[in-house]
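Trainee: Pasting in a structure now, in structure tokens, and then I'll have a few things to ask.
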Amino acid sequence: GKYDFGLVGLGVMGRNFILNVADNGFSAFGHDLDPEKVKALKEEGGHEASVNASTSIKTFVQALKQPRKIMLLVPAGKIVDSVIESLLTHIDKGDIIIDGGNSFFTDTDRREAYLQGRGINFFGAGVSGGAKGARLGPSIMPGGSKSAYAHIKPIFEAVAAKYNGEPCVAYLGPKSSGNYVKMVHNGIEYGLMQLTSEVYDLLRKAGKFSNAELHDTFTKWNEGRLQSFLIEITSKIFKQKDDLDPGKGDLLDQILDKAKQKGTGKWTSQNAMDLGIPVPSIDIAVSMREISALKAERTAAEQLYDKPEVEVLDKAGLEKMAEEALYFSFIITYAQGLHQLADASKEYDYNLNIATIAKIWRAGCIIRAGLLADISEAFEENPDLPNLLVSPHFVEKVKGSVASARSLVAHAAKNGIPLPGLTNSLTYFDAYTASRLPLNLIQAQRDYFGSHTYERLDQEGIFHTEWE
Ligand code: 6PG
């Protein structure tokens with residue numbers, strides 16, 4: 001018989017996704033030009049009658065039930081276009097192509113328009129959760145044609161991660177909405193990772209925490225309100241011994257402090273700038289990866305300046321403060337990312353439901369966290385919430401944790417420990433919750449040197465002054 005689901009790109013993600021589909025009672029056929037990858041899938045899943053694969057795209061397409069459901073798990077960029085082209089010569093009107101990669105959202109819009117003209121339904125579906133997620137249950141963020149979604153819904157709901165039995169997948173909106181949501185997911189991911197690394201730095205420098213103690217602290221935190229995938233893996237990272245040279249101790253201490261990036265976090269920041277929505281906790285996470293890459297320059301510059309001697313604080317007190325500051329800044333980072341999504345939804349006519357997005361992020365994805373249950377409730381209660389910070393669900397949480405963020409940022413600033421993510425999160429909070437900012441001065445300066453005009457507090461209208 002023919003197969004329920006097709007998948008192009010049998011790297012680790014693709015192979016795991018197919019095995020996941022097969023585990024859930026659907027038959028799946030894979031395609032990759034690399035015979036080694038086809039062989040690897042057959043070896044791993046071949047004993048199941050429901051899994052097969054071929055290096056021939058024609059064999060692949062002919063093996064699938066119509067309307068064909070073909071998912072691509074290939075690197076973002078030109079490869080997606082070339083796979084689409086090679087599929088086009090074999091598939092039929094009404095078939096469905098799903099791009100499961102981290103494609104840039106405007107590429108998805110272009111591809112969707114192109115394929116629509118040929119009668120093909122196209123989805124951009126963000127998939128989060130890494131290799132393990134693909135195998136055991138990812139969070140899936142599909143956007144595209146609503147009517148075509150009915151065909152892929154049963155398979156996606158079966159393979160997706162479950163939160164209290166609810167699948168972490170939902171139809172998000174038209175066009176590139178799925179890729180856009182995944183992009184912002186990754187922006188938030190960058191922010192949370194940066195914040196976590198800062199707290200690690202602070203605890204070891206200002207609290208003299210050992211890796212073993214950090215492991216205990218993060219394990220404990222993961223049992224509380226900071227519960228999240230990133231805190232969980234961080235606790236495990238602190239425990240890992242160096243596998244290359246066990247004599248060296250902990251692996252983390254041997255890892256070069258230069259963070260790489262594939263672009264999704266940067267795109268989030270860039271697009272936030274285009275929209276005019278501030279996401280400084282994400283921006284700084286991108287900048288810090290860039291600063292980290294300047295290792296040689298940093299090393300040379302370190303010689304030129306003295307660092308203050310770090311004042312060491314009591315472990316228990318610092319640990320409590322760090323937990324509160326991290327909780328505060330995690331909330332701020334989600335608030336910024338979701339604010340961006342709400343604005344993009346209007347700008348690009350995505351018609352996003354933020355509560356639904358928060359719900360499908362509760363399991364499977366990299367930014368899954370206990371906090372997301374509270375966030376989905378906040379947006380369920382008020383779908384038009386302009387910002388998480390004004391939700392009655394969050395005011396008390398923020399009030400109870402901001403003081404620690406202030407103390408930590410102050411201590412770090414005095415002692416020369418960079419906490420840019422925490423600082424930006426705090427600054428964003430202080431500015432977003434201030435009715436009066438000093439930007440009246442900027443308006444005055446603009447009018448002074450360029451006659452750019454200004455508005456007034458006390459009257460309507462546009463004003464210009466001949467400044468003395
Ligand atoms: C996920 C991740 C994933 C991304 C990695 C690496 O949700 O599973 O976001 O899609 O590729 O996080 O991203 P960087 O290489 O840019 O750090």
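Every chain in the structure tokens has a letter given in the order shown (A, B, ...), and although residue numbers restart at 1 in each chain, ligands are simply numbered from 1 in the order shown.
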What's around stretch 402-415 of chain A at 7 Å? Count only C-alpha atoms, leave out sequence neighbours fewer than 2 positions away in its own chain, and write the answer as a ChimeraX atom specification.

Mentor: /A:308-311,321,324-325,328,398-400,417-419,422-423,426

Trainee: Distance limit 9 Å, reference ligand 1, atoms considered: only C-alpha atoms and all ligand atoms. Which residues make the cut? Give them as a ChimeraX atom specification.

Mentor: /A:101-102,126-131,133-134,138-139,182-183,185-187,189-190,259-266,364-367

Trainee: Extract, using only C-alpha atoms, all DNA, RNA and protein residues at most 8 Å from stretch 50-58 of chain A, discarding same-chain residues fewer than 4 positions from it, and format them as a PyMOL selection string.

Mentor: chain A and resi 3+18-19+22+26-35+38+41-42+45-46+62+86-87+90

Trainee: For C-alpha atoms, I'd like the residues from the last selection saved as a tab-separated table (two decimals), in the first residue's frame.

Mentor:
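See result12.tsv below for the written result:
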```tsv
chain	number	residue	atom	x	y	z
A	3	TYR	CA	2.48	5.62	2.58
A	18	ILE	CA	10.03	9.47	10.47
A	19	LEU	CA	10.53	6.95	13.26
A	22	ALA	CA	5.86	5.31	12.41
A	26	PHE	CA	1.29	6.09	10.34
A	27	SER	CA	3.42	4.76	7.51
A	28	ALA	CA	6.24	7.00	6.36
A	29	PHE	CA	8.57	7.10	3.38
A	30	GLY	CA	11.85	9.00	3.39
A	31	HIS	CA	13.99	10.47	0.67
A	32	ASP	CA	17.57	11.64	0.62
A	33	LEU	CA	20.06	11.81	-2.23
A	34	ASP	CA	22.70	10.35	0.07
A	35	PRO	CA	22.50	6.52	-0.08
A	38	VAL	CA	18.70	6.08	3.20
A	41	LEU	CA	16.97	4.88	8.10
A	42	LYS	CA	16.22	1.45	6.68
A	45	GLY	CA	13.29	1.48	11.01
A	46	GLY	CA	13.28	-1.15	8.28
A	62	GLN	CA	4.94	7.59	-6.22
A	86	SER	CA	12.63	18.64	-7.94
A	87	LEU	CA	9.36	17.68	-6.23
A	90	HIS	CA	6.43	14.65	-9.85
```

Trainee: DSSP on the backbone, strand (DSSP E or B) only: what residues of stretch 151-187 of chain A does that give? Format it as a list in words.

Mentor: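 Across stretch 151-187 of chain A, those assigned strand (DSSP E or B) are Lys162, Tyr163, Glu166, Pro167, Val169 and Gly173 of chain A.
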
Trainee: The selected residues should be written to file as a PDB file, in the first residue's frame (atoms: N, CA and C atoms).

Mentor:
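Listed below is the output, again_1.pdb:
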```pdb
ATOM      1  N   LYS A 162       3.274  16.067  24.203  1.00  0.00           N
ATOM      2  CA  LYS A 162       1.985  16.263  24.861  1.00  0.00           C
ATOM      3  C   LYS A 162       2.195  16.982  26.197  1.00  0.00           C
ATOM      4  N   TYR A 163       1.315  17.946  26.453  1.00  0.00           N
ATOM      5  CA  TYR A 163       1.310  18.602  27.768  1.00  0.00           C
ATOM      6  C   TYR A 163      -0.029  18.257  28.407  1.00  0.00           C
ATOM      7  N   GLU A 166      -2.484  17.254  25.945  1.00  0.00           N
ATOM      8  CA  GLU A 166      -2.764  18.154  24.810  1.00  0.00           C
ATOM      9  C   GLU A 166      -1.550  18.202  23.885  1.00  0.00           C
ATOM     10  N   PRO A 167      -1.757  17.984  22.578  1.00  0.00           N
ATOM     11  CA  PRO A 167      -0.607  18.005  21.661  1.00  0.00           C
ATOM     12  C   PRO A 167      -0.021  19.407  21.509  1.00  0.00           C
ATOM     13  N   VAL A 169       1.020  21.211  19.202  1.00  0.00           N
ATOM     14  CA  VAL A 169       0.960  21.665  17.815  1.00  0.00           C
ATOM     15  C   VAL A 169      -0.425  22.256  17.621  1.00  0.00           C
ATOM     16  N   GLY A 173      -1.726  30.063  11.759  1.00  0.00           N
ATOM     17  CA  GLY A 173      -2.183  31.170  10.924  1.00  0.00           C
ATOM     18  C   GLY A 173      -1.741  30.954   9.491  1.00  0.00           C
TER      19      GLY A 173
END
```

Trainee: Within 12 Å of A:Val279, counting only C-alpha atoms, which residues qualify if same-chain residues fewer than 5 places away don't, as a PyMOL selection string?

Mentor: chain A and resi 184+187-188+190-191+265-274+284-286+332-341+387+421+424-425+427-429+432

Trainee: Would you give me, as number ranges by chain, the residues in stretch 73-169 of chain A that DSSP reads as alpha helix (DSSP H)?

Mentor: A: 78-88, 105-116, 130-136, 146-159

Trainee: Between A:Lys93, A:Leu115, A:Glu48, A:Ala369, which is the closest to A:Gly224 once you count only C-alpha atoms?

Mentor: A:Ala369

Trainee: Extract, using only C-alpha atoms, all DNA, RNA and protein residues at most 7 Å from A:Leu251, discarding same-chain residues fewer than 2 positions from it, and format them as number ranges by chain.

Mentor: A: 240-242, 249, 253-255

Trainee: Please identify all polymer residues within 9 Å of A:Arg68, counting only C-alpha atoms, omitting same-chain residues fewer than 5 positions from it, and present them as a ChimeraX atom specification.

Mentor: /A:3-6,61,91-92,94-97

Trainee: Residues near A:Leu73, anyone? I mean within 8 Å using only C-alpha atoms, not counting same-chain ones fewer than 5 positions away, as a list in words.

Mentor: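 Listed by chain and then number, they are Leu7, Val8, Gly9, Leu10, Gly11, Met13, Gly14, Asp99, Gly100 and Gly101 of chain A.
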
Trainee: Check the smallest atom-to-atom distance from each of A:Leu88, A:Arg289, A:Ala148, A:Ile79 to A:Gly117 using only C-alpha atoms, then report the winner.

Mentor: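 Checking each of A:Leu88, A:Arg289, A:Ala148, A:Ile79 against A:Gly117, counting only C-alpha atoms, the winner is A:Leu88.
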
Trainee: Can you measure atom CA of A:Asn179 to atom CA of A:Asp109 for me? One decimal in Å is fine.

Mentor: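 Going from atom CA of A:Asn179 over to atom CA of A:Asp109, I get 9.8 Å.
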